[in-house]
Amino acid sequence: QRKISRRSTKREVLVASGAATLGALSGVFPFANNASSATALDVASDLDSARQITSKVYLDVELCEGSFSKVTRMGDSSIFCSEGDSVGRIVIGLYGRHVPRIVADFEQLVQDDKGLAGTLFHRILEGKYIEGGRQGARRLGELGVADMMALRGESDRTSDGRSQQDTPRGNPELLESKSFAIPHRVGSVSLALSENSDDPSTRQVPGYQSRQFLIATGPLPLFDLDGSNIVFGEVVQGMDVVSRIAGVRTYQPAERLRSLNQMATFFGDERAANARKLWDRPLQAVVIRESGVLE
């Protein structure tokens with residue numbers, strides 16, 4: 001009698017656990033046709049559909065000897081090398097059916113004269129991702145803030161010319177739960193929201209919109225990126241180039257400095273955040289020399 005009772009209890013726990021897991025899945029994949037009766041097959045089908053590639057873009061990457069050019073002159077457009085060693089081309093397939101507006105903005109960014117070409121991969125988090133698209137000073141290899149405001153003004157127009165300023169940041173996809181449904185894996189390309197490193201002063205500019213993107217490299221777990229960054233594409237060619245970029249040495253503070261920074265953060269010292277901006281910066285300039293859309 002007692003053994004039967006224990007087995008029965010164990011069975012009930014397993015059923016309850018399965019129901020809880022199914023409920024969690026319905027939250028992660030809100031665009032499933034019927035979340036209450038979702039199956040692993042339904043989830044896989046939804047992900048396959050969301051990951052359908054509708055267009056491709058490319059990034060041609062070069063590596064400079066150091067962070068900045070040893071010879072710079074007044075009026076130079078940038079302070080890093082004008083010509084570096086070619087690392088190769090990264091081709092990214094974009095999920096235009098999943099997040100069409102984010103994809104359209106990225107396509108515009110790789111084509112515009114003041115877009116990604118000539119900017120840097122500014123951050124390399126070992127074992128996790130490489131990141132580009134930081135806004136700031138064009139001369140420092142960043143996207144110009146004013147340029148991005150102008151670019152946003154163009155993309156915030158609908159097909160009939162009306163403004164979309166009434167939507168948050170001009171893009172409702174940033175608030176839709178289904179936009180965050182695709183989990184990260186090695187090669188995923190996502191809009192960096194929680195991982196955004198733009199200066200607070202830049203983010204406070206009226207009409208600001210994040211342009212930072214990351215490419216997941218692994219091999220460390222990537223689940224902490226899910227739900228707070230929007231996957232909008234994947235690397236379809238050039239993962240060897242991504243791996244080479246990921247292998248570039250970065251600035252890492254000594255353990256003592258990390259401890260002091262944590263203490264300063266605890267006491268609300270704003271200088272701590274400014275100091276952390278230098279962490280994980282490549283010690284060589286990783287330049288996106290050319291970019292565009294593939295026909």
# chains A, B, ... in the order shown; residues from 1 in each chain; ligands from 1
$ residues_around --residues "Ser194 in chain A" --least-positions-apart "2" --cutoff "7 Å" --atoms "only C-alpha atoms" --output "list in words"
Ala192, Asn196, Ser228 and Asn229 of chain A
$ write_last_selection --atoms "N, CA and C atoms" --output "PDB file, in the first residue's frame"
ATOM      1  N   ALA A 192      21.763  44.185 -29.970  1.00  0.00           N
ATOM      2  CA  ALA A 192      22.226  44.219 -28.578  1.00  0.00           C
ATOM      3  C   ALA A 192      21.429  45.246 -27.782  1.00  0.00           C
ATOM      4  N   ASN A 196      24.081  46.430 -24.693  1.00  0.00           N
ATOM      5  CA  ASN A 196      24.422  47.724 -25.294  1.00  0.00           C
ATOM      6  C   ASN A 196      25.407  48.485 -24.416  1.00  0.00           C
ATOM      7  N   SER A 228      16.555  39.096 -23.873  1.00  0.00           N
ATOM      8  CA  SER A 228      16.901  40.509 -23.670  1.00  0.00           C
ATOM      9  C   SER A 228      17.659  41.101 -24.853  1.00  0.00           C
ATOM     10  N   ASN A 229      17.910  40.284 -25.874  1.00  0.00           N
ATOM     11  CA  ASN A 229      18.521  40.720 -27.124  1.00  0.00           C
ATOM     12  C   ASN A 229      17.771  40.026 -28.256  1.00  0.00           C
TER      13      ASN A 229
END
$ residues_around --residues "range 136-152 of chain A" --least-positions-apart "6" --cutoff "9 Å" --atoms "only C-alpha atoms" --output "PDB file with all heavy atoms, in the first residue's frame"
ATOM      1  N   PHE A  68      45.326  52.129 -32.580  1.00  0.00           N
ATOM      2  CA  PHE A  68      45.232  53.338 -33.378  1.00  0.00           C
ATOM      3  C   PHE A  68      46.443  53.462 -34.290  1.00  0.00           C
ATOM      4  O   PHE A  68      47.495  52.870 -34.043  1.00  0.00           O
ATOM      5  CB  PHE A  68      45.146  54.576 -32.468  1.00  0.00           C
ATOM      6  CG  PHE A  68      44.006  54.519 -31.496  1.00  0.00           C
ATOM      7  CD1 PHE A  68      44.228  54.329 -30.142  1.00  0.00           C
ATOM      8  CD2 PHE A  68      42.702  54.639 -31.948  1.00  0.00           C
ATOM      9  CE1 PHE A  68      43.175  54.267 -29.251  1.00  0.00           C
ATOM     10  CE2 PHE A  68      41.635  54.568 -31.063  1.00  0.00           C
ATOM     11  CZ  PHE A  68      41.877  54.382 -29.718  1.00  0.00           C
ATOM     12  N   ASP A  76      42.243  63.989 -40.262  1.00  0.00           N
ATOM     13  CA  ASP A  76      42.050  62.592 -40.656  1.00  0.00           C
ATOM     14  C   ASP A  76      40.657  62.128 -40.233  1.00  0.00           C
ATOM     15  O   ASP A  76      40.173  62.480 -39.164  1.00  0.00           O
ATOM     16  CB  ASP A  76      43.099  61.695 -39.996  1.00  0.00           C
ATOM     17  CG  ASP A  76      44.467  61.811 -40.655  1.00  0.00           C
ATOM     18  OD1 ASP A  76      44.546  62.465 -41.715  1.00  0.00           O
ATOM     19  OD2 ASP A  76      45.442  61.275 -40.110  1.00  0.00           O
ATOM     20  N   SER A  77      40.017  61.336 -41.102  1.00  0.00           N
ATOM     21  CA  SER A  77      38.656  60.896 -40.814  1.00  0.00           C
ATOM     22  C   SER A  77      38.603  59.879 -39.679  1.00  0.00           C
ATOM     23  O   SER A  77      37.570  59.689 -39.052  1.00  0.00           O
ATOM     24  CB  SER A  77      38.019  60.289 -42.073  1.00  0.00           C
ATOM     25  OG  SER A  77      38.789  59.193 -42.534  1.00  0.00           O
ATOM     26  N   SER A  78      39.725  59.205 -39.413  1.00  0.00           N
ATOM     27  CA  SER A  78      39.771  58.254 -38.319  1.00  0.00           C
ATOM     28  C   SER A  78      41.183  58.186 -37.763  1.00  0.00           C
ATOM     29  O   SER A  78      42.145  58.612 -38.416  1.00  0.00           O
ATOM     30  CB  SER A  78      39.331  56.859 -38.788  1.00  0.00           C
ATOM     31  OG  SER A  78      40.268  56.339 -39.718  1.00  0.00           O
ATOM     32  N   ILE A  79      41.313  57.661 -36.540  1.00  0.00           N
ATOM     33  CA  ILE A  79      42.632  57.592 -35.920  1.00  0.00           C
ATOM     34  C   ILE A  79      43.153  56.164 -35.877  1.00  0.00           C
ATOM     35  O   ILE A  79      44.103  55.871 -35.157  1.00  0.00           O
ATOM     36  CB  ILE A  79      42.606  58.205 -34.496  1.00  0.00           C
ATOM     37  CG1 ILE A  79      41.650  57.434 -33.594  1.00  0.00           C
ATOM     38  CG2 ILE A  79      42.260  59.662 -34.531  1.00  0.00           C
ATOM     39  CD1 ILE A  79      41.697  57.883 -32.143  1.00  0.00           C
ATOM     40  N   PHE A  80      42.543  55.268 -36.653  1.00  0.00           N
ATOM     41  CA  PHE A  80      43.093  53.931 -36.803  1.00  0.00           C
ATOM     42  C   PHE A  80      43.557  53.756 -38.234  1.00  0.00           C
ATOM     43  O   PHE A  80      43.359  54.638 -39.071  1.00  0.00           O
ATOM     44  CB  PHE A  80      42.090  52.849 -36.388  1.00  0.00           C
ATOM     45  CG  PHE A  80      40.741  52.983 -37.029  1.00  0.00           C
ATOM     46  CD1 PHE A  80      40.473  52.406 -38.250  1.00  0.00           C
ATOM     47  CD2 PHE A  80      39.721  53.688 -36.388  1.00  0.00           C
ATOM     48  CE1 PHE A  80      39.231  52.530 -38.847  1.00  0.00           C
ATOM     49  CE2 PHE A  80      38.476  53.811 -36.972  1.00  0.00           C
ATOM     50  CZ  PHE A  80      38.238  53.237 -38.205  1.00  0.00           C
ATOM     51  N   ASP A 105      16.276  47.975 -41.045  1.00  0.00           N
ATOM     52  CA  ASP A 105      17.182  48.971 -40.460  1.00  0.00           C
ATOM     53  C   ASP A 105      18.636  48.529 -40.608  1.00  0.00           C
ATOM     54  O   ASP A 105      19.520  49.341 -40.889  1.00  0.00           O
ATOM     55  CB  ASP A 105      16.856  49.180 -38.972  1.00  0.00           C
ATOM     56  CG  ASP A 105      15.606  50.011 -38.765  1.00  0.00           C
ATOM     57  OD1 ASP A 105      15.097  50.593 -39.739  1.00  0.00           O
ATOM     58  OD2 ASP A 105      15.119  50.088 -37.613  1.00  0.00           O
ATOM     59  N   GLN A 108      19.804  48.906 -44.163  1.00  0.00           N
ATOM     60  CA  GLN A 108      20.076  50.314 -44.409  1.00  0.00           C
ATOM     61  C   GLN A 108      21.431  50.714 -43.820  1.00  0.00           C
ATOM     62  O   GLN A 108      22.199  51.468 -44.426  1.00  0.00           O
ATOM     63  CB  GLN A 108      18.958  51.167 -43.794  1.00  0.00           C
ATOM     64  CG  GLN A 108      19.042  52.652 -44.125  1.00  0.00           C
ATOM     65  CD  GLN A 108      17.921  53.430 -43.468  1.00  0.00           C
ATOM     66  OE1 GLN A 108      17.479  53.085 -42.380  1.00  0.00           O
ATOM     67  NE2 GLN A 108      17.456  54.479 -44.123  1.00  0.00           N
ATOM     68  N   LEU A 109      21.746  50.164 -42.662  1.00  0.00           N
ATOM     69  CA  LEU A 109      22.990  50.498 -41.970  1.00  0.00           C
ATOM     70  C   LEU A 109      24.213  50.008 -42.739  1.00  0.00           C
ATOM     71  O   LEU A 109      25.243  50.692 -42.761  1.00  0.00           O
ATOM     72  CB  LEU A 109      22.972  49.882 -40.565  1.00  0.00           C
ATOM     73  CG  LEU A 109      24.013  50.380 -39.568  1.00  0.00           C
ATOM     74  CD1 LEU A 109      23.826  51.864 -39.284  1.00  0.00           C
ATOM     75  CD2 LEU A 109      23.925  49.589 -38.265  1.00  0.00           C
ATOM     76  N   ASP A 112      24.448  52.414 -46.113  1.00  0.00           N
ATOM     77  CA  ASP A 112      24.590  53.867 -46.040  1.00  0.00           C
ATOM     78  C   ASP A 112      26.059  54.280 -46.010  1.00  0.00           C
ATOM     79  O   ASP A 112      26.898  53.592 -45.427  1.00  0.00           O
ATOM     80  CB  ASP A 112      23.877  54.393 -44.789  1.00  0.00           C
ATOM     81  CG  ASP A 112      23.677  55.896 -44.840  1.00  0.00           C
ATOM     82  OD1 ASP A 112      22.679  56.332 -45.447  1.00  0.00           O
ATOM     83  OD2 ASP A 112      24.536  56.632 -44.288  1.00  0.00           O
ATOM     84  N   LYS A 114      27.399  56.537 -44.334  1.00  0.00           N
ATOM     85  CA  LYS A 114      27.834  56.817 -42.969  1.00  0.00           C
ATOM     86  C   LYS A 114      27.370  55.722 -42.011  1.00  0.00           C
ATOM     87  O   LYS A 114      27.112  55.966 -40.848  1.00  0.00           O
ATOM     88  CB  LYS A 114      27.299  58.182 -42.524  1.00  0.00           C
ATOM     89  CG  LYS A 114      27.857  59.330 -43.360  1.00  0.00           C
ATOM     90  CD  LYS A 114      27.345  60.690 -42.898  1.00  0.00           C
ATOM     91  CE  LYS A 114      27.946  61.804 -43.732  1.00  0.00           C
ATOM     92  NZ  LYS A 114      27.463  63.141 -43.317  1.00  0.00           N
ATOM     93  N   GLY A 115      27.283  54.509 -42.567  1.00  0.00           N
ATOM     94  CA  GLY A 115      26.849  53.373 -41.777  1.00  0.00           C
ATOM     95  C   GLY A 115      28.013  52.570 -41.215  1.00  0.00           C
ATOM     96  O   GLY A 115      29.015  53.131 -40.753  1.00  0.00           O
ATOM     97  N   LEU A 116      27.937  51.245 -41.312  1.00  0.00           N
ATOM     98  CA  LEU A 116      28.910  50.379 -40.654  1.00  0.00           C
ATOM     99  C   LEU A 116      30.300  50.410 -41.273  1.00  0.00           C
ATOM    100  O   LEU A 116      31.300  50.200 -40.576  1.00  0.00           O
ATOM    101  CB  LEU A 116      28.401  48.934 -40.650  1.00  0.00           C
ATOM    102  CG  LEU A 116      27.373  48.571 -39.574  1.00  0.00           C
ATOM    103  CD1 LEU A 116      26.995  47.097 -39.695  1.00  0.00           C
ATOM    104  CD2 LEU A 116      27.916  48.853 -38.180  1.00  0.00           C
ATOM    105  N   GLY A 118      33.773  51.348 -42.134  1.00  0.00           N
ATOM    106  CA  GLY A 118      34.677  52.296 -41.488  1.00  0.00           C
ATOM    107  C   GLY A 118      34.559  52.325 -39.976  1.00  0.00           C
ATOM    108  O   GLY A 118      35.224  53.130 -39.319  1.00  0.00           O
ATOM    109  N   THR A 119      33.732  51.438 -39.411  1.00  0.00           N
ATOM    110  CA  THR A 119      33.586  51.374 -37.948  1.00  0.00           C
ATOM    111  C   THR A 119      34.291  50.127 -37.407  1.00  0.00           C
ATOM    112  O   THR A 119      34.794  49.302 -38.168  1.00  0.00           O
ATOM    113  CB  THR A 119      32.108  51.377 -37.519  1.00  0.00           C
ATOM    114  OG1 THR A 119      31.468  50.174 -37.993  1.00  0.00           O
ATOM    115  CG2 THR A 119      31.384  52.587 -38.086  1.00  0.00           C
ATOM    116  N   LEU A 120      34.304  50.008 -36.093  1.00  0.00           N
ATOM    117  CA  LEU A 120      35.051  48.937 -35.430  1.00  0.00           C
ATOM    118  C   LEU A 120      34.153  47.921 -34.735  1.00  0.00           C
ATOM    119  O   LEU A 120      33.038  48.253 -34.324  1.00  0.00           O
ATOM    120  CB  LEU A 120      35.986  49.530 -34.365  1.00  0.00           C
ATOM    121  CG  LEU A 120      36.999  50.586 -34.785  1.00  0.00           C
ATOM    122  CD1 LEU A 120      37.726  51.119 -33.554  1.00  0.00           C
ATOM    123  CD2 LEU A 120      37.999  50.024 -35.791  1.00  0.00           C
ATOM    124  N   PHE A 121      34.665  46.719 -34.604  1.00  0.00           N
ATOM    125  CA  PHE A 121      34.143  45.803 -33.599  1.00  0.00           C
ATOM    126  C   PHE A 121      34.781  46.275 -32.290  1.00  0.00           C
ATOM    127  O   PHE A 121      35.990  46.116 -32.092  1.00  0.00           O
ATOM    128  CB  PHE A 121      34.529  44.355 -33.907  1.00  0.00           C
ATOM    129  CG  PHE A 121      33.629  43.691 -34.915  1.00  0.00           C
ATOM    130  CD1 PHE A 121      34.030  43.515 -36.225  1.00  0.00           C
ATOM    131  CD2 PHE A 121      32.371  43.240 -34.535  1.00  0.00           C
ATOM    132  CE1 PHE A 121      33.190  42.905 -37.156  1.00  0.00           C
ATOM    133  CE2 PHE A 121      31.518  42.630 -35.453  1.00  0.00           C
ATOM    134  CZ  PHE A 121      31.937  42.463 -36.768  1.00  0.00           C
ATOM    135  N   HIS A 122      33.989  46.891 -31.441  1.00  0.00           N
ATOM    136  CA  HIS A 122      34.542  47.590 -30.282  1.00  0.00           C
ATOM    137  C   HIS A 122      34.659  46.725 -29.030  1.00  0.00           C
ATOM    138  O   HIS A 122      35.294  47.120 -28.058  1.00  0.00           O
ATOM    139  CB  HIS A 122      33.664  48.801 -29.950  1.00  0.00           C
ATOM    140  CG  HIS A 122      32.267  48.438 -29.554  1.00  0.00           C
ATOM    141  ND1 HIS A 122      31.263  48.244 -30.485  1.00  0.00           N
ATOM    142  CD2 HIS A 122      31.702  48.204 -28.339  1.00  0.00           C
ATOM    143  CE1 HIS A 122      30.148  47.922 -29.859  1.00  0.00           C
ATOM    144  NE2 HIS A 122      30.390  47.889 -28.555  1.00  0.00           N
ATOM    145  N   GLY A 170      10.334  54.376 -32.526  1.00  0.00           N
ATOM    146  CA  GLY A 170      10.013  54.253 -33.937  1.00  0.00           C
ATOM    147  C   GLY A 170       9.872  52.816 -34.401  1.00  0.00           C
ATOM    148  O   GLY A 170       9.648  52.581 -35.573  1.00  0.00           O
ATOM    149  N   ASP A 198      26.564  51.761 -25.369  1.00  0.00           N
ATOM    150  CA  ASP A 198      26.570  53.188 -25.708  1.00  0.00           C
ATOM    151  C   ASP A 198      26.581  54.026 -24.433  1.00  0.00           C
ATOM    152  O   ASP A 198      26.011  53.637 -23.414  1.00  0.00           O
ATOM    153  CB  ASP A 198      25.342  53.561 -26.548  1.00  0.00           C
ATOM    154  CG  ASP A 198      25.444  53.075 -27.989  1.00  0.00           C
ATOM    155  OD1 ASP A 198      26.577  52.919 -28.475  1.00  0.00           O
ATOM    156  OD2 ASP A 198      24.391  52.853 -28.615  1.00  0.00           O
ATOM    157  N   ASP A 199      27.224  55.194 -24.505  1.00  0.00           N
ATOM    158  CA  ASP A 199      27.255  56.091 -23.350  1.00  0.00           C
ATOM    159  C   ASP A 199      25.839  56.500 -22.951  1.00  0.00           C
ATOM    160  O   ASP A 199      24.968  56.667 -23.819  1.00  0.00           O
ATOM    161  CB  ASP A 199      28.058  57.353 -23.661  1.00  0.00           C
ATOM    162  CG  ASP A 199      29.547  57.067 -23.785  1.00  0.00           C
ATOM    163  OD1 ASP A 199      29.996  56.071 -23.196  1.00  0.00           O
ATOM    164  OD2 ASP A 199      30.248  57.841 -24.464  1.00  0.00           O
ATOM    165  N   THR A 202      24.540  59.365 -24.852  1.00  0.00           N
ATOM    166  CA  THR A 202      24.089  59.029 -26.210  1.00  0.00           C
ATOM    167  C   THR A 202      22.681  58.450 -26.169  1.00  0.00           C
ATOM    168  O   THR A 202      21.824  58.806 -26.989  1.00  0.00           O
ATOM    169  CB  THR A 202      25.044  58.010 -26.858  1.00  0.00           C
ATOM    170  OG1 THR A 202      26.351  58.581 -26.969  1.00  0.00           O
ATOM    171  CG2 THR A 202      24.562  57.612 -28.250  1.00  0.00           C
ATOM    172  N   VAL A 205      19.743  60.941 -25.994  1.00  0.00           N
ATOM    173  CA  VAL A 205      19.437  61.817 -27.130  1.00  0.00           C
ATOM    174  C   VAL A 205      18.029  61.493 -27.637  1.00  0.00           C
ATOM    175  O   VAL A 205      17.697  60.323 -27.847  1.00  0.00           O
ATOM    176  CB  VAL A 205      20.465  61.620 -28.264  1.00  0.00           C
ATOM    177  CG1 VAL A 205      20.034  62.388 -29.514  1.00  0.00           C
ATOM    178  CG2 VAL A 205      21.844  62.069 -27.820  1.00  0.00           C
ATOM    179  N   PRO A 206      17.170  62.501 -27.807  1.00  0.00           N
ATOM    180  CA  PRO A 206      15.813  62.246 -28.306  1.00  0.00           C
ATOM    181  C   PRO A 206      15.840  61.478 -29.629  1.00  0.00           C
ATOM    182  O   PRO A 206      16.579  61.833 -30.545  1.00  0.00           O
ATOM    183  CB  PRO A 206      15.246  63.657 -28.502  1.00  0.00           C
ATOM    184  CG  PRO A 206      16.014  64.501 -27.537  1.00  0.00           C
ATOM    185  CD  PRO A 206      17.407  63.934 -27.521  1.00  0.00           C
ATOM    186  N   GLY A 207      15.064  60.427 -29.702  1.00  0.00           N
ATOM    187  CA  GLY A 207      15.026  59.627 -30.920  1.00  0.00           C
ATOM    188  C   GLY A 207      16.112  58.568 -30.993  1.00  0.00           C
ATOM    189  O   GLY A 207      16.253  57.902 -32.016  1.00  0.00           O
ATOM    190  N   TYR A 208      16.877  58.390 -29.901  1.00  0.00           N
ATOM    191  CA  TYR A 208      17.946  57.379 -29.903  1.00  0.00           C
ATOM    192  C   TYR A 208      17.379  55.987 -30.167  1.00  0.00           C
ATOM    193  O   TYR A 208      16.312  55.632 -29.695  1.00  0.00           O
ATOM    194  CB  TYR A 208      18.673  57.378 -28.549  1.00  0.00           C
ATOM    195  CG  TYR A 208      19.563  56.161 -28.354  1.00  0.00           C
ATOM    196  CD1 TYR A 208      20.839  56.113 -28.893  1.00  0.00           C
ATOM    197  CD2 TYR A 208      19.092  55.043 -27.645  1.00  0.00           C
ATOM    198  CE1 TYR A 208      21.640  54.993 -28.729  1.00  0.00           C
ATOM    199  CE2 TYR A 208      19.891  53.922 -27.476  1.00  0.00           C
ATOM    200  CZ  TYR A 208      21.163  53.900 -28.021  1.00  0.00           C
ATOM    201  OH  TYR A 208      21.951  52.790 -27.858  1.00  0.00           O
ATOM    202  N   GLN A 209      18.156  55.216 -30.932  1.00  0.00           N
ATOM    203  CA  GLN A 209      17.803  53.826 -31.190  1.00  0.00           C
ATOM    204  C   GLN A 209      19.085  53.007 -31.220  1.00  0.00           C
ATOM    205  O   GLN A 209      20.064  53.391 -31.862  1.00  0.00           O
ATOM    206  CB  GLN A 209      17.076  53.698 -32.536  1.00  0.00           C
ATOM    207  CG  GLN A 209      16.656  52.276 -32.891  1.00  0.00           C
ATOM    208  CD  GLN A 209      15.816  52.247 -34.158  1.00  0.00           C
ATOM    209  OE1 GLN A 209      14.817  52.958 -34.270  1.00  0.00           O
ATOM    210  NE2 GLN A 209      16.228  51.445 -35.114  1.00  0.00           N
ATOM    211  N   ARG A 211      21.914  50.631 -32.249  1.00  0.00           N
ATOM    212  CA  ARG A 211      22.390  50.072 -33.511  1.00  0.00           C
ATOM    213  C   ARG A 211      23.406  48.962 -33.266  1.00  0.00           C
ATOM    214  O   ARG A 211      23.908  48.369 -34.211  1.00  0.00           O
ATOM    215  CB  ARG A 211      23.053  51.184 -34.346  1.00  0.00           C
ATOM    216  CG  ARG A 211      22.125  52.342 -34.705  1.00  0.00           C
ATOM    217  CD  ARG A 211      21.165  51.975 -35.801  1.00  0.00           C
ATOM    218  NE  ARG A 211      20.318  53.095 -36.184  1.00  0.00           N
ATOM    219  CZ  ARG A 211      19.518  53.091 -37.240  1.00  0.00           C
ATOM    220  NH1 ARG A 211      19.461  52.017 -38.016  1.00  0.00           N
ATOM    221  NH2 ARG A 211      18.762  54.134 -37.529  1.00  0.00           N
ATOM    222  N   ALA A 285      42.836  47.251 -33.639  1.00  0.00           N
ATOM    223  CA  ALA A 285      41.615  47.774 -34.257  1.00  0.00           C
ATOM    224  C   ALA A 285      41.072  46.748 -35.243  1.00  0.00           C
ATOM    225  O   ALA A 285      41.756  46.360 -36.192  1.00  0.00           O
ATOM    226  CB  ALA A 285      41.901  49.093 -34.968  1.00  0.00           C
ATOM    227  N   VAL A 287      38.478  46.414 -37.957  1.00  0.00           N
ATOM    228  CA  VAL A 287      37.754  47.380 -38.781  1.00  0.00           C
ATOM    229  C   VAL A 287      36.809  46.701 -39.767  1.00  0.00           C
ATOM    230  O   VAL A 287      37.208  45.777 -40.469  1.00  0.00           O
ATOM    231  CB  VAL A 287      38.734  48.274 -39.578  1.00  0.00           C
ATOM    232  CG1 VAL A 287      37.977  49.399 -40.290  1.00  0.00           C
ATOM    233  CG2 VAL A 287      39.810  48.840 -38.670  1.00  0.00           C
TER     234      VAL A 287
END
$ residues_around --residues "Val236 in chain A" --least-positions-apart "5" --cutoff "9 Å" --atoms "only C-alpha atoms" --output "CSV table (one decimal) with C-alpha atoms, in the first residue's frame"
chain,number,residue,atom,x,y,z
A,56,LYS,CA,22.0,38.4,-47.0
A,90,ILE,CA,31.4,37.6,-43.0
A,91,VAL,CA,28.1,36.9,-44.7
A,92,ILE,CA,24.9,37.2,-42.6
A,93,GLY,CA,21.6,35.8,-43.5
A,187,GLY,CA,26.7,32.2,-35.2
$ select_by_dssp --residues "range 170-201 of chain A" --states "strand (DSSP E or B)" --output "PyMOL selection string"
chain A and resi 188-191
$ atom_distance --atom1 "CA of Glu255 in chain A" --atom2 "CA of Gly132 in chain A"
26.5 Å
$ closest_residue --among "A:Glu131, A:Gln284, A:Phe223, A:Pro183" --to "Ala44 in chain A" --atoms "only C-alpha atoms"
A:Pro183
$ closest_residue --among "A:Phe180, A:Trp279, A:Phe232, A:Phe213" --to "Arg51 in chain A" --atoms "only C-alpha atoms"
A:Phe232
$ closest_residue --among "A:Leu283, A:Ala50, A:Ala275, A:Ala246" --to "Gln262 in chain A" --atoms "only C-alpha atoms"
A:Ala275
$ closest_residue --among "A:Arg258, A:Ile288, A:Arg185, A:Glu234" --to "Gly84 in chain A" --atoms "only C-alpha atoms"
A:Ile288
$ residues_around --residues "Leu125 in chain A" --least-positions-apart "5" --cutoff "10 Å" --atoms "only C-alpha atoms" --output "list of chain:residue names"
A:Ile130, A:Glu131, A:Ala216, A:Thr217, A:Gly218, A:Ala246, A:Gly247, A:Thr250, A:Trp279, A:Asp280, A:Arg281, A:Pro282
$ select_by_dssp --residues "range 83-278 of chain A" --states "helix (DSSP H, G or I)" --output "count of residues only"
70
